[in-house]
>>> print(open('coords-v6.cif').read())   # mmCIF, C-alpha atoms (C1' of nucleotides)
data_query
#
loop_
_atom_site.label_atom_id
_atom_site.label_comp_id
_atom_site.auth_asym_id
_atom_site.auth_seq_id
_atom_site.Cartn_x
_atom_site.Cartn_y
_atom_site.Cartn_z
CA MET D 1 97.23 34.09 51.00
CA PRO D 2 97.43 30.47 52.27
CA THR D 3 95.05 28.21 50.36
CA ILE D 4 94.74 24.44 50.28
CA LYS D 5 92.90 22.29 47.74
CA VAL D 6 90.49 19.59 48.88
CA ALA D 7 89.27 16.93 46.44
CA THR D 8 85.54 16.15 46.36
CA PRO D 9 83.35 13.30 45.10
CA ALA D 10 82.34 13.54 41.44
CA ASP D 11 78.92 15.05 42.12
CA TYR D 12 79.79 17.42 45.00
CA ASP D 13 77.99 20.79 44.87
CA LEU D 14 78.98 23.18 47.68
CA PRO D 15 75.83 25.39 47.90
CA ARG D 16 73.49 22.40 47.62
CA ASP D 17 75.38 20.14 49.99
CA VAL D 18 76.27 22.74 52.66
CA CYS D 19 72.81 24.29 52.72
CA SER D 20 71.17 20.90 53.18
CA TYR D 21 70.60 20.99 56.93
CA GLY D 22 69.85 23.77 59.42
CA TYR D 23 73.30 23.63 60.98
CA PHE D 24 74.65 25.76 58.11
CA VAL D 25 73.19 28.81 59.90
CA LEU D 26 74.46 27.79 63.35
CA ALA D 27 77.70 29.30 64.66
CA PRO D 28 80.53 28.91 64.06
CA ASN D 29 79.30 28.28 60.51
CA TYR D 30 78.49 31.27 58.35
CA TRP D 31 77.17 30.86 54.83
CA ASP D 32 77.75 33.90 52.60
CA THR D 33 74.69 33.92 50.37
CA LYS D 34 76.13 36.36 47.84
CA ALA D 35 79.57 34.81 47.35
CA ARG D 36 78.24 31.29 47.98
CA VAL D 37 81.12 30.40 50.27
CA LEU D 38 81.24 28.86 53.72
CA TRP D 39 83.08 30.68 56.50
CA ARG D 40 83.97 28.92 59.72
CA VAL D 41 86.51 29.12 62.52
CA PHE D 42 88.13 25.70 63.00
CA ASP D 43 89.77 24.69 66.26
CA LEU D 44 92.97 22.98 65.14
CA GLY D 45 94.27 22.12 68.59
CA GLN D 46 96.79 24.76 69.56
CA ARG D 47 94.90 27.62 67.92
CA ALA D 48 91.74 28.56 66.05
CA VAL D 49 91.86 29.60 62.39
CA LEU D 50 89.26 31.23 60.18
CA ALA D 51 88.65 29.39 56.91
CA LYS D 52 86.73 30.24 53.76
CA VAL D 53 85.58 27.26 51.70
CA SER D 54 84.69 27.85 48.05
CA GLN D 55 84.15 25.81 44.91
CA LYS D 56 84.86 27.37 41.54
CA SER D 57 83.09 24.87 39.30
CA ARG D 58 79.97 23.12 40.48
CA ARG D 59 79.45 19.36 40.56
CA GLY D 60 82.70 17.72 41.42
CA GLY D 61 85.13 20.61 41.33
CA SER D 62 87.67 20.61 44.12
CA LEU D 63 87.30 22.96 47.07
CA SER D 64 89.60 25.89 47.74
CA VAL D 65 90.11 26.49 51.44
CA TRP D 66 91.62 29.84 52.34
CA THR D 67 92.86 30.17 55.92
CA SER D 68 93.56 33.30 57.90
CA GLU D 69 97.02 32.00 58.86
CA SER D 70 99.59 29.64 57.37
CA LEU D 71 99.18 26.10 58.69
CA ASP D 72 101.78 23.45 59.42
CA LYS D 73 101.38 19.88 58.16
CA THR D 74 99.61 18.67 61.30
CA GLU D 75 97.11 21.50 61.13
CA VAL D 76 96.44 20.93 57.42
CA ALA D 77 95.74 17.26 58.17
CA ALA D 78 93.41 18.24 61.03
CA LEU D 79 91.56 20.71 58.83
CA ARG D 80 91.15 18.17 56.03
CA ALA D 81 89.80 15.57 58.48
CA GLN D 82 87.29 18.06 59.94
CA LEU D 83 86.12 19.17 56.49
CA THR D 84 85.74 15.56 55.36
CA ARG D 85 83.38 14.75 58.22
CA MET D 86 81.52 18.03 58.01
CA LEU D 87 80.88 17.93 54.27
CA CYS D 88 80.52 14.13 53.98
CA LEU D 89 83.34 14.09 51.43
CA ASP D 90 83.93 10.40 52.13
CA GLU D 91 80.48 9.46 50.86
CA THR D 92 80.95 8.50 47.24
CA ALA D 93 78.56 9.31 44.39
CA GLU D 94 78.03 5.55 44.02
CA HIS D 95 76.83 5.21 47.61
CA LEU D 96 74.53 8.19 47.20
CA ALA D 97 73.09 6.55 44.08
CA GLN D 98 71.65 3.81 46.34
CA PHE D 99 69.48 6.45 48.00
CA HIS D 100 68.42 7.91 44.65
CA ALA D 101 67.51 4.44 43.38
CA LEU D 102 65.21 4.03 46.39
CA ASP D 103 63.79 7.53 46.15
CA PRO D 104 64.13 8.85 42.57
CA ARG D 105 62.50 12.17 43.49
CA PHE D 106 65.94 13.52 44.43
CA ALA D 107 68.00 11.95 41.66
CA ALA D 108 67.77 14.95 39.33
CA SER D 109 68.77 17.52 41.95
CA GLY D 110 71.36 15.16 43.42
CA LYS D 111 70.29 15.99 46.96
CA GLY D 112 71.35 13.45 49.56
CA ARG D 113 74.38 14.64 51.50
CA LEU D 114 73.57 16.32 54.80
CA LEU D 115 75.80 18.89 56.41
CA ARG D 116 77.09 17.91 59.83
CA SER D 117 79.72 19.20 62.23
CA PRO D 118 83.46 18.56 62.14
CA THR D 119 83.08 16.51 65.35
CA LEU D 120 80.46 14.23 66.87
CA PHE D 121 80.72 16.30 70.05
CA GLU D 122 79.53 19.45 68.26
CA ASP D 123 76.69 17.50 66.62
CA VAL D 124 75.52 16.20 70.00
CA ILE D 125 75.64 19.64 71.65
CA LYS D 126 73.88 21.25 68.69
CA THR D 127 71.18 18.58 68.84
CA VAL D 128 70.57 19.17 72.56
CA THR D 129 70.43 22.94 71.99
CA SER D 130 67.72 22.33 69.39
CA CYS D 131 65.44 20.47 71.80
CA ASN D 132 62.48 22.15 73.46
CA VAL D 133 63.29 25.54 71.99
CA THR D 134 62.31 27.44 68.88
CA TRP D 135 64.87 27.72 66.08
CA PRO D 136 65.87 31.34 66.85
CA GLY D 137 66.72 30.15 70.37
CA THR D 138 68.99 27.44 68.97
CA ILE D 139 70.75 30.02 66.79
CA GLN D 140 71.35 32.25 69.81
CA MET D 141 72.59 29.45 72.08
CA ASN D 142 75.19 28.29 69.56
CA LYS D 143 76.33 31.84 68.85
CA ARG D 144 76.83 32.51 72.55
CA LEU D 145 78.50 29.16 73.28
CA CYS D 146 81.10 30.04 70.63
CA GLU D 147 81.57 33.63 71.82
CA VAL D 148 81.84 32.72 75.50
CA LEU D 149 83.74 29.40 75.38
CA GLY D 150 85.23 29.04 71.89
CA LYS D 151 88.84 29.85 71.00
CA ARG D 152 89.21 33.16 69.22
CA ALA D 153 90.94 33.28 65.85
CA VAL D 154 93.21 36.17 64.94
CA VAL D 155 90.99 37.90 62.40
CA ALA D 156 89.96 41.36 61.26
CA LYS D 157 87.12 42.95 63.17
CA ALA D 158 84.78 42.67 60.19
CA ALA D 159 85.31 38.91 59.78
CA PRO D 160 82.00 37.00 59.58
CA GLN D 161 83.05 34.68 62.38
CA ALA D 162 85.73 35.00 65.05
CA HIS D 163 85.26 32.11 67.49
CA ALA D 164 85.46 28.35 67.15
CA PHE D 165 83.01 25.91 68.71
CA PRO D 166 83.99 25.08 72.32
CA THR D 167 86.08 21.96 72.87
CA PRO D 168 84.73 19.20 75.16
CA ALA D 169 87.43 20.05 77.72
CA LYS D 170 86.46 23.73 77.81
CA LEU D 171 82.73 23.01 78.12
CA ALA D 172 83.38 20.30 80.73
CA ARG D 173 85.08 22.92 82.93
CA ALA D 174 82.35 25.55 82.53
CA ARG D 175 80.12 26.47 85.44
CA PRO D 176 76.35 25.89 85.04
CA ALA D 177 75.69 29.49 86.08
CA THR D 178 77.95 30.76 83.28
CA LEU D 179 76.14 28.69 80.67
CA ARG D 180 72.78 29.82 81.96
CA ALA D 181 73.53 33.52 82.31
CA ARG D 182 75.87 34.14 79.39
CA CYS D 183 74.92 31.44 76.88
CA ARG D 184 71.20 31.45 77.74
CA VAL D 185 70.94 27.66 77.62
CA GLY D 186 68.48 27.54 80.52
CA TYR D 187 67.91 24.18 82.22
CA ARG D 188 70.25 22.51 79.68
CA ASP D 189 73.27 23.86 81.62
CA THR D 190 74.21 20.78 83.66
CA ARG D 191 73.22 18.39 80.88
CA LEU D 192 75.62 20.08 78.45
CA ILE D 193 78.45 19.95 80.99
CA GLU D 194 77.77 16.27 81.74
CA LEU D 195 77.81 15.52 78.00
CA ALA D 196 81.11 17.34 77.57
CA ARG D 197 82.62 15.31 80.43
CA LEU D 198 81.58 12.10 78.69
CA PHE D 199 83.53 13.22 75.60
CA VAL D 200 86.59 14.00 77.74
CA LEU D 201 86.60 10.63 79.51
CA PRO D 202 88.15 7.65 77.69
CA PRO D 203 85.68 4.87 76.76
CA SER D 204 87.40 2.57 79.28
CA ARG D 205 86.21 4.91 82.05
CA GLY D 206 82.66 5.34 80.82
CA GLY D 207 83.27 7.97 78.17
CA ILE D 208 81.62 8.03 74.76
CA ASP D 209 83.19 5.56 72.32
CA GLU D 210 82.99 7.47 69.05
CA SER D 211 84.61 4.83 66.87
CA TRP D 212 82.18 2.19 68.18
CA LEU D 213 79.21 4.45 67.42
CA ALA D 214 80.51 5.16 63.92
CA ASP D 215 81.43 1.54 63.17
CA PRO D 216 78.97 0.13 60.57
CA ALA D 217 79.25 -3.22 62.36
CA THR D 218 77.47 -1.72 65.40
CA PRO D 219 73.71 -2.23 64.82
CA ASP D 220 71.46 0.84 64.68
CA GLU D 221 69.31 -0.46 67.55
CA VAL D 222 72.32 -0.78 69.83
CA VAL D 223 73.51 2.72 68.94
CA PHE D 224 70.04 4.13 69.64
CA LYS D 225 69.88 2.45 73.06
CA SER D 226 73.32 3.80 73.90
CA LEU D 227 72.55 7.38 72.80
CA ILE D 228 69.26 7.56 74.66
CA GLU D 229 71.16 6.97 77.91
CA LEU D 230 73.02 10.28 77.47
CA PRO D 231 71.90 13.30 79.53
CA GLY D 232 69.49 15.53 77.62
CA VAL D 233 69.05 12.94 74.87
CA GLY D 234 65.61 11.42 74.31
CA PRO D 235 64.09 9.58 71.33
CA TYR D 236 64.13 12.64 69.07
CA ALA D 237 67.70 13.67 69.87
CA ALA D 238 69.02 10.09 69.64
CA ALA D 239 67.51 9.64 66.18
CA ASN D 240 68.91 12.99 65.08
CA ILE D 241 72.40 12.14 66.33
CA MET D 242 72.10 8.87 64.43
CA GLN D 243 71.50 10.64 61.13
CA LEU D 244 74.47 12.85 61.91
CA LEU D 245 76.46 9.62 62.28
CA GLY D 246 75.31 8.63 58.78
CA ARG D 247 72.68 6.20 60.09
CA TYR D 248 69.49 7.15 58.26
CA SER D 249 67.08 4.35 59.25
CA ARG D 250 65.31 6.26 62.06
CA LEU D 251 63.30 9.49 61.93
CA PRO D 252 63.74 12.19 64.59
CA LEU D 253 60.02 12.72 65.11
CA ASP D 254 59.01 16.09 66.55
CA THR D 255 56.28 18.69 66.23
CA GLU D 256 57.57 19.48 62.74
CA SER D 257 56.93 15.87 61.73
CA VAL D 258 53.37 16.20 62.97
CA ARG D 259 52.88 19.45 61.08
CA HIS D 260 54.25 17.81 57.91
CA GLY D 261 52.04 14.74 58.40
CA ARG D 262 48.96 16.89 58.75
CA SER D 263 49.58 19.62 56.19
CA VAL D 264 51.47 17.82 53.43
CA LEU D 265 50.67 14.12 53.82
CA GLY D 266 47.02 14.74 54.77
CA MET D 267 47.15 12.64 57.94
CA LYS D 268 44.58 12.96 60.69
CA GLY D 269 44.54 12.06 64.39
CA THR D 270 46.38 12.93 67.58
CA SER D 271 50.04 13.96 67.51
CA ALA D 272 51.10 10.50 68.73
CA GLN D 273 49.04 8.80 66.01
CA ILE D 274 50.46 11.06 63.29
CA MET D 275 54.02 10.40 64.44
CA LYS D 276 53.39 6.66 64.09
CA ARG D 277 51.91 7.18 60.63
CA VAL D 278 54.79 9.38 59.46
CA LYS D 279 57.19 6.68 60.64
CA GLN D 280 55.21 4.03 58.72
CA HIS D 281 55.00 6.28 55.66
CA PHE D 282 58.81 6.42 55.33
CA GLU D 283 59.53 2.79 56.31
CA PRO D 284 59.69 1.65 52.65
CA PHE D 285 62.86 3.76 52.28
CA GLY D 286 64.57 1.50 54.83
CA ALA D 287 68.16 2.48 55.51
CA HIS D 288 67.56 5.83 53.78
CA ALA D 289 64.25 6.72 55.46
CA PHE D 290 65.56 9.88 57.08
CA ARG D 291 66.95 11.25 53.83
CA SER D 292 63.60 10.76 52.08
CA TYR D 293 61.79 12.40 54.98
CA TRP D 294 64.27 15.24 55.32
CA PHE D 295 64.56 16.25 51.68
CA GLU D 296 60.78 16.11 51.34
CA LEU D 297 60.62 18.63 54.21
CA TRP D 298 63.52 20.63 52.78
CA ASP D 299 61.82 20.90 49.36
CA MET D 300 58.74 22.26 51.11
CA TYR D 301 60.83 24.89 52.91
CA GLU D 302 62.51 25.88 49.65
CA ALA D 303 59.15 26.10 47.87
CA LYS D 304 58.12 28.63 50.54
CA HIS D 305 61.32 30.58 51.05
CA GLY D 306 63.45 30.06 47.95
CA PRO D 307 66.65 28.04 47.56
CA SER D 308 68.32 27.35 50.90
CA HIS D 309 71.62 28.86 49.75
CA THR D 310 69.84 32.25 49.71
CA TRP D 311 68.69 32.07 53.35
CA GLU D 312 70.40 34.70 55.49
CA ARG D 313 71.48 33.59 58.98
CA ASP D 314 70.05 36.59 60.77
CA SER D 315 66.60 36.31 59.22
CA THR D 316 66.32 32.56 58.70
CA GLY D 317 65.35 31.84 62.29
CA LYS D 318 62.05 33.61 61.98
CA LEU D 319 61.13 31.58 58.89
CA PHE D 320 61.06 28.43 60.98
CA THR D 321 58.85 29.39 63.88
CA ALA D 322 55.59 27.51 64.27
CA ALA D 323 53.60 30.60 63.26
CA ALA D 324 55.57 31.08 60.04
CA LEU D 325 55.39 27.42 59.09
CA ASN D 326 51.68 27.20 59.73
CA ALA D 327 50.97 30.28 57.63
CA THR D 328 50.84 28.89 54.13
"C1'" DG T 1 53.95 1.21 79.93
"C1'" DG T 2 51.51 5.51 79.76
"C1'" DT T 3 50.78 10.30 81.26
"C1'" DA T 4 50.98 14.90 83.61
"C1'" DG T 5 53.62 18.63 84.83
"C1'" DA T 6 58.00 21.12 85.39
"C1'" DC T 7 61.94 22.77 83.16
"C1'" DC T 8 63.76 27.83 80.51
"C1'" DT T 9 64.00 31.23 76.89
"C1'" DG T 10 62.38 34.40 73.62
"C1'" DG T 11 58.84 35.91 70.50
"C1'" DA T 12 54.02 37.35 69.88
"C1'" DC T 13 50.30 39.68 71.54
"C1'" DG T 14 47.20 42.67 74.30
"C1'" DC T 15 46.78 46.47 77.14
"C1'" DG O 1 56.90 49.19 78.56
"C1'" DC O 2 54.90 45.56 81.02
"C1'" DG O 3 52.46 41.22 81.77
"C1'" DT O 4 50.76 36.98 79.86
"C1'" DC O 5 50.70 33.22 76.78
"C1'" DC O 6 52.83 29.90 73.85
"C1'" DA O 7 56.31 26.68 71.42
"C1'" DG O 8 59.65 23.25 71.98
"C1'" DG O 9 61.75 17.70 73.74
"C1'" DT O 10 63.36 15.60 78.02
"C1'" DC O 11 62.95 14.11 82.63
"C1'" DT O 12 60.74 12.67 86.84
"C1'" DA O 13 57.03 11.22 89.60
"C1'" DC O 14 53.06 8.87 89.73
"C1'" DC O 15 49.40 5.58 88.46
#
>>> encode(input="coords-v6.cif", output="structure tokens")
Amino acid sequence: MPTIKVATPADYDLPRDVCSYGYFVLAPNYWDTKARVLWRVFDLGQRAVLAKVSQKSRRGGSLSVWTSESLDKTEVAALRAQLTRMLCLDETAEHLAQFHALDPRFAASGKGRLLRSPTLFEDVIKTVTSCNVTWPGTIQMNKRLCEVLGKRAVVAKAAPQAHAFPTPAKLARARPATLRARCRVGYRDTRLIELARLFVLPPSRGGIDESWLADPATPDEVVFKSLIELPGVGPYAAANIMQLLGRYSRLPLDTESVRHGRSVLGMKGTSAQIMKRVKQHFEPFGAHAFRSYWFELWDMYEAKHGPSHTWERDSTGKLFTAAALNAT
DNA sequence: GGTAGACCTGGACGC
DNA sequence: GCGTCCAGGTCTACC
């Protein structure tokens, strides 16, 4: 069975660090709660391959990545690069300690890394599919996008996941009617296609410049202004994409922020007033504001529903509807 | 600059 | 089983 080893930072903990953000239940990711392993189909260019990521010893042990087919050197390099972005393996324990020094509440658990996607493109599409829709709707849209437009891996019928996430080129060529009817994305159809086209175009012709967005020398404010120009991306989505780029200074404020402000932080006022107050509340955490905000929310979810690594994909969606969250 | 209403889907609820 | 209501962030038109 082909298996590759991937080194991790000294404090890396697979269940904690994968199940740190809702994307771990979005296709093509599949978290096996019993075995505590991550399944995912990776698009490696010429073909899609199913991978199972496991960690024998917690806290710093290397990852074992089993793949459904033998990979050549180029594919192994592509897989390593995708896993590094997805699991934030390039964020050192020392860098994470800066966050824990600012917010010691999460030092003992070591929480701080946030799961993201292997590509910025997938993060942007996932963010847009999470806007103006309840969480079960987001789960469905991503599942269908993979099934309809993602490359299929050669896997057994019972495999937990068979399709990769669509490539920008594939989504750019899709018809709006297909996205609407088969992927159930609703009015997001043309916006998703326009976004995909921007990832296909080179930056010199108006396409998205990923390296510029990721460059620490590019100021957060400039990145925010650039992201908010994208179709389907408003203030919430732009701030969320920023945290997925590792820029944690802004909060993606939404109805969940308002609920948290009211029910946990005891704030009063209109939704707009509470959003302002939540923002002010987390300003002391500066460059790590989002992490403080997010893990405070995440702790609340875990207090209600148990550790996140026990949340099943098919039932998790219902835990995060407004009705379920309001019922305490 | 601020605000109202449309945009879609799927779940909840009442009958 | 059907109809109605509601949640959700972005976009456009309008003031």
>>> resolve_selection(input="coords-v6.cif", expression="the PyMOL selection byres ((chain T and resi 9) around 7)", output="VMD selection string")
(chain D and resid 186) or (chain T and resid 8 10)
>>> resolve_selection(input="coords-v6.cif", expression="the PyMOL selection byres ((chain O) within 10 of (chain D))", output="list in words")
DA7, DG8, DG9, DT10 and DC11 of chain O
>>> atom_distance(input="coords-v6.cif", atom1="atom CA of Lys126 of chain D", atom2="atom CA of Tyr23 of chain D")
8.1 Å
>>> residues_around(input="coords-v6.cif", residues="Gly317 of chain D", least_positions_apart="6", cutoff="10 Å", atoms="all atoms listed in the file", output="PyMOL selection string")
chain D and resi 22+25+134-140+311
>>> write_last_selection(input="coords-v6.cif", atoms="C-alpha atoms", output="PDB file, in the frame of the given file")
ATOM      1  CA  GLY D  22      69.850  23.770  59.420  1.00  0.00           C
ATOM      2  CA  VAL D  25      73.190  28.810  59.900  1.00  0.00           C
ATOM      3  CA  THR D 134      62.310  27.440  68.880  1.00  0.00           C
ATOM      4  CA  TRP D 135      64.870  27.720  66.080  1.00  0.00           C
ATOM      5  CA  PRO D 136      65.870  31.340  66.850  1.00  0.00           C
ATOM      6  CA  GLY D 137      66.720  30.150  70.370  1.00  0.00           C
ATOM      7  CA  THR D 138      68.990  27.440  68.970  1.00  0.00           C
ATOM      8  CA  ILE D 139      70.750  30.020  66.790  1.00  0.00           C
ATOM      9  CA  GLN D 140      71.350  32.250  69.810  1.00  0.00           C
ATOM     10  CA  TRP D 311      68.690  32.070  53.350  1.00  0.00           C
TER      11      TRP D 311
END
>>> resolve_selection(input="coords-v6.cif", expression="the PyMOL selection byres ((chain D and resi 222-226) around 12)", output="ChimeraX atom specification")
/D:206-221,227-231,233-243,245-252
>>> residues_around(input="coords-v6.cif", residues="Trp31 of chain D", least_positions_apart="6", cutoff="8 Å", atoms="only C-alpha atoms (C1' of nucleotides)", output="list in words")
Phe24, Val25, Val37, Leu38, Trp39, His309, Glu312 and Arg313 of chain D
>>> atom_distance(input="coords-v6.cif", atom1="atom CA of Arg205 of chain D", atom2="atom CA of Ile193 of chain D")
17.0 Å
>>> atom_distance(input="coords-v6.cif", atom1="atom CA of Val53 of chain D", atom2="atom CA of Lys170 of chain D")
26.4 Å
>>> residues_near_point(input="coords-v6.cif", point="(49.4, 12.4, 86.2)", cutoff="7 Å", atoms="only C-alpha atoms (C1' of nucleotides)", output="PDB file with C-alpha atoms (C1' of nucleotides), keeping the file's coordinate frame")
ATOM      1  C1'  DT T   3      50.780  10.300  81.260  1.00  0.00           C
ATOM      2  C1'  DA T   4      50.980  14.900  83.610  1.00  0.00           C
TER       3       DA T   4
ATOM      4  C1'  DC O  14      53.060   8.870  89.730  1.00  0.00           C
TER       5       DC O  14
END
>>> closest_atom_pairs(input="coords-v6.cif", of="segment 109-195 of chain D", to="segment 10-20 of chain D", cutoff="12 Å", atoms="only C-alpha atoms", output="JSON lines")
{"residue": "D:Ser109", "atom": "CA", "partner": "D:Arg16", "partner_atom": "CA", "distance": 8.8}
{"residue": "D:Gly110", "atom": "CA", "partner": "D:Asp11", "partner_atom": "CA", "distance": 7.7}
{"residue": "D:Lys111", "atom": "CA", "partner": "D:Arg16", "partner_atom": "CA", "distance": 7.2}
{"residue": "D:Gly112", "atom": "CA", "partner": "D:Asp17", "partner_atom": "CA", "distance": 7.8}
{"residue": "D:Arg113", "atom": "CA", "partner": "D:Asp17", "partner_atom": "CA", "distance": 5.8}
{"residue": "D:Leu114", "atom": "CA", "partner": "D:Ser20", "partner_atom": "CA", "distance": 5.4}
{"residue": "D:Leu115", "atom": "CA", "partner": "D:Val18", "partner_atom": "CA", "distance": 5.4}
{"residue": "D:Arg116", "atom": "CA", "partner": "D:Val18", "partner_atom": "CA", "distance": 8.7}
{"residue": "D:Ser117", "atom": "CA", "partner": "D:Val18", "partner_atom": "CA", "distance": 10.8}
>>> closest_residue(input="coords-v6.cif", among="D:Asp189, D:Ala169, D:Ala303, D:Phe290", to="chain T", atoms="only C-alpha atoms (C1' of nucleotides)")
D:Asp189
>>> residues_around(input="coords-v6.cif", residues="Thr167 of chain D", least_positions_apart="4", cutoff="9 Å", atoms="only C-alpha atoms (C1' of nucleotides)", output="PyMOL selection string")
chain D and resi 43+121-122+149-151+171-172+196
